[in-house]
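For reference, my_file02.tsv (TSV, N, CA, C and O atoms):
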chain	number	residue	atom	x	y	z
N	18	MET	N	106.35	86.51	110.79
N	18	MET	CA	105.26	87.42	110.51
N	18	MET	C	104.00	86.60	110.30
N	18	MET	O	104.07	85.47	109.85
N	19	THR	N	102.88	87.23	110.55
N	19	THR	CA	101.59	86.58	110.33
N	19	THR	C	100.92	87.23	109.13
N	19	THR	O	100.80	88.46	109.06
N	20	LEU	N	100.49	86.40	108.19
N	20	LEU	CA	99.75	86.87	107.03
N	20	LEU	C	98.32	86.39	107.15
N	20	LEU	O	98.07	85.20	107.40
N	21	LYS	N	97.37	87.33	106.98
N	21	LYS	CA	95.94	87.01	106.97
N	21	LYS	C	95.37	87.53	105.66
N	21	LYS	O	95.46	88.73	105.39
N	22	ILE	N	94.82	86.64	104.86
N	22	ILE	CA	94.15	87.04	103.61
N	22	ILE	C	92.69	86.65	103.76
N	22	ILE	O	92.38	85.46	103.90
N	23	ILE	N	91.80	87.65	103.75
N	23	ILE	CA	90.38	87.37	103.94
N	23	ILE	C	89.55	87.99	102.83
N	23	ILE	O	89.92	89.01	102.27
N	24	SER	N	88.45	87.34	102.52
N	24	SER	CA	87.47	87.89	101.59
N	24	SER	C	86.14	87.97	102.34
N	24	SER	O	86.05	87.53	103.49
N	25	ALA	N	85.12	88.47	101.70
N	25	ALA	CA	83.81	88.56	102.33
N	25	ALA	C	83.25	87.18	102.65
N	25	ALA	O	82.47	87.01	103.59
N	26	GLU	N	83.66	86.17	101.87
N	26	GLU	CA	83.11	84.83	102.03
N	26	GLU	C	83.96	83.90	102.89
N	26	GLU	O	83.43	82.94	103.45
N	27	ASP	N	85.27	84.13	102.98
N	27	ASP	CA	86.13	83.10	103.54
N	27	ASP	C	87.47	83.67	104.00
N	27	ASP	O	87.88	84.73	103.57
N	28	VAL	N	88.15	82.92	104.87
N	28	VAL	CA	89.55	83.18	105.18
N	28	VAL	C	90.35	82.39	104.17
N	28	VAL	O	90.32	81.16	104.15
N	29	VAL	N	91.04	83.10	103.28
N	29	VAL	CA	91.78	82.46	102.19
N	29	VAL	C	93.06	81.83	102.73
N	29	VAL	O	93.44	80.72	102.36
N	30	PHE	N	93.76	82.56	103.63
N	30	PHE	CA	95.00	82.05	104.22
N	30	PHE	C	95.24	82.78	105.53
N	30	PHE	O	95.02	83.98	105.64
N	31	GLU	N	95.74	82.05	106.52
N	31	GLU	CA	96.22	82.64	107.76
N	31	GLU	C	97.36	81.78	108.26
N	31	GLU	O	97.18	80.58	108.48
N	32	GLY	N	98.55	82.37	108.39
N	32	GLY	CA	99.68	81.61	108.86
N	32	GLY	C	100.95	82.43	108.93
N	32	GLY	O	100.96	83.62	108.61
N	33	GLU	N	102.03	81.77	109.35
N	33	GLU	CA	103.33	82.42	109.49
N	33	GLU	C	104.07	82.37	108.16
N	33	GLU	O	104.11	81.32	107.51
N	34	VAL	N	104.64	83.50	107.77
N	34	VAL	CA	105.38	83.61	106.52
N	34	VAL	C	106.68	84.38	106.78
N	34	VAL	O	106.81	85.09	107.77
N	35	SER	N	107.64	84.25	105.84
N	35	SER	CA	108.89	85.00	105.97
N	35	SER	C	108.94	86.21	105.05
N	35	SER	O	109.73	87.14	105.28
N	36	SER	N	108.12	86.21	104.00
N	36	SER	CA	108.03	87.37	103.10
N	36	SER	C	106.70	87.32	102.36
N	36	SER	O	106.11	86.26	102.19
N	37	VAL	N	106.26	88.51	101.91
N	37	VAL	CA	105.03	88.62	101.14
N	37	VAL	C	105.25	89.66	100.05
N	37	VAL	O	105.74	90.76	100.32
N	38	THR	N	104.91	89.33	98.80
N	38	THR	CA	104.97	90.27	97.70
N	38	THR	C	103.55	90.55	97.24
N	38	THR	O	102.78	89.62	97.01
N	39	LEU	N	103.22	91.84	97.13
N	39	LEU	CA	101.86	92.28	96.87
N	39	LEU	C	101.80	93.20	95.65
N	39	LEU	O	102.74	93.95	95.40
N	40	PRO	N	100.68	93.17	94.89
N	40	PRO	CA	100.54	94.04	93.73
N	40	PRO	C	99.92	95.39	94.11
N	40	PRO	O	98.71	95.52	94.22
N	41	GLY	N	100.75	96.40	94.33
N	41	GLY	CA	100.27	97.73	94.69
N	41	GLY	C	99.94	98.56	93.47
N	41	GLY	O	100.28	98.19	92.34
N	42	GLN	N	99.31	99.70	93.69
N	42	GLN	CA	98.94	100.58	92.58
N	42	GLN	C	100.15	101.13	91.84
N	42	GLN	O	100.07	101.42	90.66
N	43	MET	N	101.28	101.26	92.52
N	43	MET	CA	102.47	101.79	91.88
N	43	MET	C	103.50	100.69	91.60
N	43	MET	O	104.67	100.97	91.40
N	44	GLY	N	103.05	99.44	91.60
N	44	GLY	CA	103.93	98.31	91.32
N	44	GLY	C	103.99	97.35	92.48
N	44	GLY	O	103.46	97.61	93.56
N	45	GLU	N	104.64	96.21	92.23
N	45	GLU	CA	104.78	95.19	93.28
N	45	GLU	C	105.70	95.70	94.39
N	45	GLU	O	106.64	96.44	94.15
N	46	PHE	N	105.39	95.27	95.61
N	46	PHE	CA	106.28	95.56	96.73
N	46	PHE	C	106.32	94.36	97.66
N	46	PHE	O	105.38	93.57	97.72
N	47	THR	N	107.44	94.22	98.36
N	47	THR	CA	107.66	93.08	99.25
N	47	THR	C	107.72	93.56	100.68
N	47	THR	O	108.33	94.59	100.99
N	48	VAL	N	107.09	92.79	101.56
N	48	VAL	CA	107.09	93.07	103.00
N	48	VAL	C	107.90	91.98	103.68
N	48	VAL	O	107.65	90.78	103.46
N	49	LEU	N	108.86	92.40	104.49
N	49	LEU	CA	109.69	91.48	105.27
N	49	LEU	C	109.47	91.76	106.75
N	49	LEU	O	108.83	92.75	107.12
N	50	LYS	N	110.04	90.91	107.61
N	50	LYS	CA	109.89	91.07	109.06
N	50	LYS	C	110.34	92.46	109.49
N	50	LYS	O	111.33	92.99	108.99
N	51	ASN	N	109.60	93.04	110.42
N	51	ASN	CA	109.86	94.37	110.99
N	51	ASN	C	109.71	95.50	109.98
N	51	ASN	O	110.31	96.57	110.14
N	52	HIS	N	108.89	95.29	108.97
N	52	HIS	CA	108.61	96.34	107.98
N	52	HIS	C	107.88	97.49	108.65
N	52	HIS	O	107.12	97.29	109.60
N	53	ALA	N	108.09	98.69	108.14
N	53	ALA	CA	107.37	99.86	108.65
N	53	ALA	C	105.87	99.69	108.41
N	53	ALA	O	105.45	99.02	107.46
N	54	SER	N	105.07	100.28	109.27
N	54	SER	CA	103.62	100.22	109.12
N	54	SER	C	103.21	100.89	107.82
N	54	SER	O	103.80	101.90	107.42
N	55	LEU	N	102.19	100.32	107.16
N	55	LEU	CA	101.68	100.92	105.93
N	55	LEU	C	100.29	100.42	105.64
N	55	LEU	O	99.87	99.37	106.13
N	56	VAL	N	99.57	101.19	104.82
N	56	VAL	CA	98.28	100.81	104.28
N	56	VAL	C	98.36	101.08	102.79
N	56	VAL	O	98.85	102.13	102.38
N	57	SER	N	97.89	100.13	101.96
N	57	SER	CA	97.97	100.31	100.51
N	57	SER	C	96.77	99.68	99.83
N	57	SER	O	96.22	98.69	100.31
N	58	VAL	N	96.39	100.26	98.70
N	58	VAL	CA	95.39	99.67	97.82
N	58	VAL	C	96.09	98.63	96.96
N	58	VAL	O	97.21	98.85	96.49
N	59	LEU	N	95.44	97.49	96.76
N	59	LEU	CA	95.99	96.43	95.91
N	59	LEU	C	95.22	96.38	94.59
N	59	LEU	O	94.02	96.59	94.56
N	60	THR	N	95.95	96.09	93.53
N	60	THR	CA	95.37	95.98	92.20
N	60	THR	C	95.28	94.52	91.80
N	60	THR	O	95.85	93.65	92.47
N	61	PRO	N	94.57	94.19	90.72
N	61	PRO	CA	94.53	92.80	90.27
N	61	PRO	C	95.95	92.26	90.03
N	61	PRO	O	96.81	92.96	89.49
N	62	GLY	N	96.17	91.07	90.48
N	62	GLY	CA	97.49	90.45	90.34
N	62	GLY	C	97.62	89.24	91.23
N	62	GLY	O	96.65	88.53	91.48
N	63	LYS	N	98.82	89.05	91.76
N	63	LYS	CA	99.12	87.85	92.53
N	63	LYS	C	99.82	88.23	93.83
N	63	LYS	O	100.75	89.03	93.82
N	64	ILE	N	99.34	87.66	94.94
N	64	ILE	CA	100.05	87.76	96.21
N	64	ILE	C	100.93	86.52	96.30
N	64	ILE	O	100.45	85.40	96.16
N	65	THR	N	102.22	86.73	96.52
N	65	THR	CA	103.16	85.62	96.65
N	65	THR	C	103.76	85.68	98.04
N	65	THR	O	104.18	86.75	98.50
N	66	TYR	N	103.81	84.53	98.73
N	66	TYR	CA	104.36	84.50	100.08
N	66	TYR	C	105.19	83.23	100.28
N	66	TYR	O	104.95	82.21	99.64
N	67	ALA	N	106.18	83.35	101.17
N	67	ALA	CA	107.04	82.22	101.49
N	67	ALA	C	106.59	81.62	102.81
N	67	ALA	O	106.64	82.28	103.85
N	68	GLU	N	106.13	80.38	102.73
N	68	GLU	CA	105.66	79.64	103.91
N	68	GLU	C	106.50	78.39	104.04
N	68	GLU	O	106.52	77.55	103.13
N	69	ASP	N	107.23	78.26	105.15
N	69	ASP	CA	108.11	77.11	105.37
N	69	ASP	C	109.08	76.91	104.21
N	69	ASP	O	109.34	75.78	103.79
N	70	GLY	N	109.61	78.00	103.68
N	70	GLY	CA	110.59	77.92	102.61
N	70	GLY	C	110.03	77.68	101.23
N	70	GLY	O	110.78	77.64	100.25
N	71	GLU	N	108.73	77.49	101.10
N	71	GLU	CA	108.10	77.26	99.80
N	71	GLU	C	107.26	78.46	99.40
N	71	GLU	O	106.54	79.02	100.21
N	72	LEU	N	107.36	78.85	98.12
N	72	LEU	CA	106.56	79.96	97.61
N	72	LEU	C	105.15	79.48	97.29
N	72	LEU	O	104.97	78.46	96.65
N	73	GLN	N	104.18	80.25	97.75
N	73	GLN	CA	102.77	80.01	97.47
N	73	GLN	C	102.23	81.29	96.85
N	73	GLN	O	102.79	82.36	97.04
N	74	SER	N	101.11	81.20	96.13
N	74	SER	CA	100.53	82.41	95.57
N	74	SER	C	99.01	82.33	95.53
N	74	SER	O	98.43	81.25	95.52
N	75	VAL	N	98.41	83.52	95.52
N	75	VAL	CA	96.96	83.66	95.46
N	75	VAL	C	96.67	84.76	94.44
N	75	VAL	O	97.21	85.87	94.53
N	76	ASP	N	95.83	84.46	93.44
N	76	ASP	CA	95.40	85.47	92.47
N	76	ASP	C	94.32	86.33	93.11
N	76	ASP	O	93.41	85.79	93.76
N	77	ILE	N	94.43	87.65	92.92
N	77	ILE	CA	93.44	88.55	93.49
N	77	ILE	C	92.93	89.53	92.43
N	77	ILE	O	93.59	89.76	91.42
N	78	GLN	N	91.77	90.10	92.69
N	78	GLN	CA	91.19	91.10	91.80
N	78	GLN	C	91.33	92.51	92.38
N	78	GLN	O	90.89	93.47	91.76
N	79	GLY	N	91.92	92.63	93.55
N	79	GLY	CA	92.11	93.92	94.20
N	79	GLY	C	91.79	93.82	95.67
N	79	GLY	O	91.33	92.79	96.16
N	80	GLY	N	92.08	94.89	96.40
N	80	GLY	CA	91.80	94.89	97.82
N	80	GLY	C	92.61	95.93	98.55
N	80	GLY	O	93.10	96.89	97.96
N	81	LEU	N	92.77	95.72	99.85
N	81	LEU	CA	93.55	96.59	100.72
N	81	LEU	C	94.48	95.75	101.57
N	81	LEU	O	94.16	94.62	101.92
N	82	VAL	N	95.64	96.34	101.92
N	82	VAL	CA	96.56	95.67	102.84
N	82	VAL	C	96.93	96.64	103.95
N	82	VAL	O	97.10	97.84	103.71
N	83	ASP	N	97.02	96.10	105.17
N	83	ASP	CA	97.47	96.85	106.33
N	83	ASP	C	98.63	96.08	106.94
N	83	ASP	O	98.49	94.87	107.23
N	84	VAL	N	99.77	96.73	107.10
N	84	VAL	CA	100.95	96.11	107.70
N	84	VAL	C	101.23	96.84	109.00
N	84	VAL	O	101.40	98.07	109.01
N	85	ASP	N	101.27	96.10	110.12
N	85	ASP	CA	101.53	96.71	111.42
N	85	ASP	C	102.03	95.65	112.39
N	85	ASP	O	101.37	94.60	112.55
N	86	ASN	N	103.16	95.90	113.02
N	86	ASN	CA	103.72	95.00	114.05
N	86	ASN	C	103.82	93.55	113.57
N	86	ASN	O	103.41	92.62	114.27
N	87	ASN	N	104.36	93.35	112.37
N	87	ASN	CA	104.58	92.02	111.79
N	87	ASN	C	103.28	91.25	111.54
N	87	ASN	O	103.30	90.01	111.48
N	88	ILE	N	102.17	91.95	111.40
N	88	ILE	CA	100.90	91.35	110.99
N	88	ILE	C	100.49	92.01	109.68
N	88	ILE	O	100.36	93.23	109.62
N	89	ILE	N	100.33	91.19	108.65
N	89	ILE	CA	99.93	91.67	107.33
N	89	ILE	C	98.51	91.21	107.10
N	89	ILE	O	98.25	90.02	106.97
N	90	SER	N	97.59	92.18	107.07
N	90	SER	CA	96.16	91.87	106.89
N	90	SER	C	95.73	92.32	105.50
N	90	SER	O	95.82	93.51	105.18
N	91	VAL	N	95.27	91.36	104.69
N	91	VAL	CA	94.81	91.65	103.34
N	91	VAL	C	93.31	91.42	103.29
N	91	VAL	O	92.83	90.33	103.63
N	92	CYS	N	92.56	92.44	102.86
N	92	CYS	CA	91.12	92.33	102.65
N	92	CYS	C	90.88	92.37	101.15
N	92	CYS	O	91.23	93.35	100.48
N	93	LEU	N	90.31	91.31	100.61
N	93	LEU	CA	90.08	91.20	99.17
N	93	LEU	C	88.74	91.76	98.78
N	93	LEU	O	87.77	91.67	99.53
N	94	CYS	N	88.68	92.33	97.58
N	94	CYS	CA	87.42	92.84	97.02
N	94	CYS	C	86.74	91.75	96.23
N	94	CYS	O	87.33	90.90	95.67

Translate the structure of the given file into structure tokens.
Amino acid sequence: MTLKIISAEDVVFEGEVSSVTLPGQMGEFTVLKNHASLVSVLTPGKITYAEDGELQSVDIQGGLVDVDNNIISVCLC
């Protein structure tokens, strides 16, 4: 899967990942390969993703996520 995390100022991360955990309005949720398409509002918290078997994380203040065809696009506020 491809994860893209962007803000108004910069591309925070873009790369291949095996899983992504995101802070949604109704709680954390995890996206895996071939996940159903979705759009969600993100709340302040932490995005955690597995890249090459290692967990990485990014603190966020909120945003939006769009999941479609194994591409996870996160726009940060």

Minimum-distance residue to Val58 in chain N, chosen among N:Glu26, N:Met18, N:Gly44, N:Gly32 (using all atoms listed in the file): N:Gly44

Close residues, Ser24 in chain N itself excluded, 7 Å, all atoms listed in the file, min 5 positions apart in chain, as JSON, numbers by chain: {"N": [29, 91, 92, 93, 94]}

Selection near Ile77 in chain N, 6 Å with only N, CA, C and O atoms, sequence-local residues under 2 positions removed, as JSON, numbers by chain: {"N": [60, 61, 62, 63, 64, 75, 79]}

Interatomic distance (Å, one decimal) between CA of Lys50 in chain N and atom C of Asp85 in chain N: 9.7 Å

Using only C-alpha atoms: which of N:Ser74, N:Glu45, N:Tyr66, N:Val56 has the shortest distance to Thr19 in chain N: N:Tyr66

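Atom to atom, atom O of Ser54 in chain N and CA of Glu31 in chain N stand 20.7 Å apart.
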
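Between atom O of Val82 in chain N and CA of Asp27 in chain N the separation is 18.4 Å.
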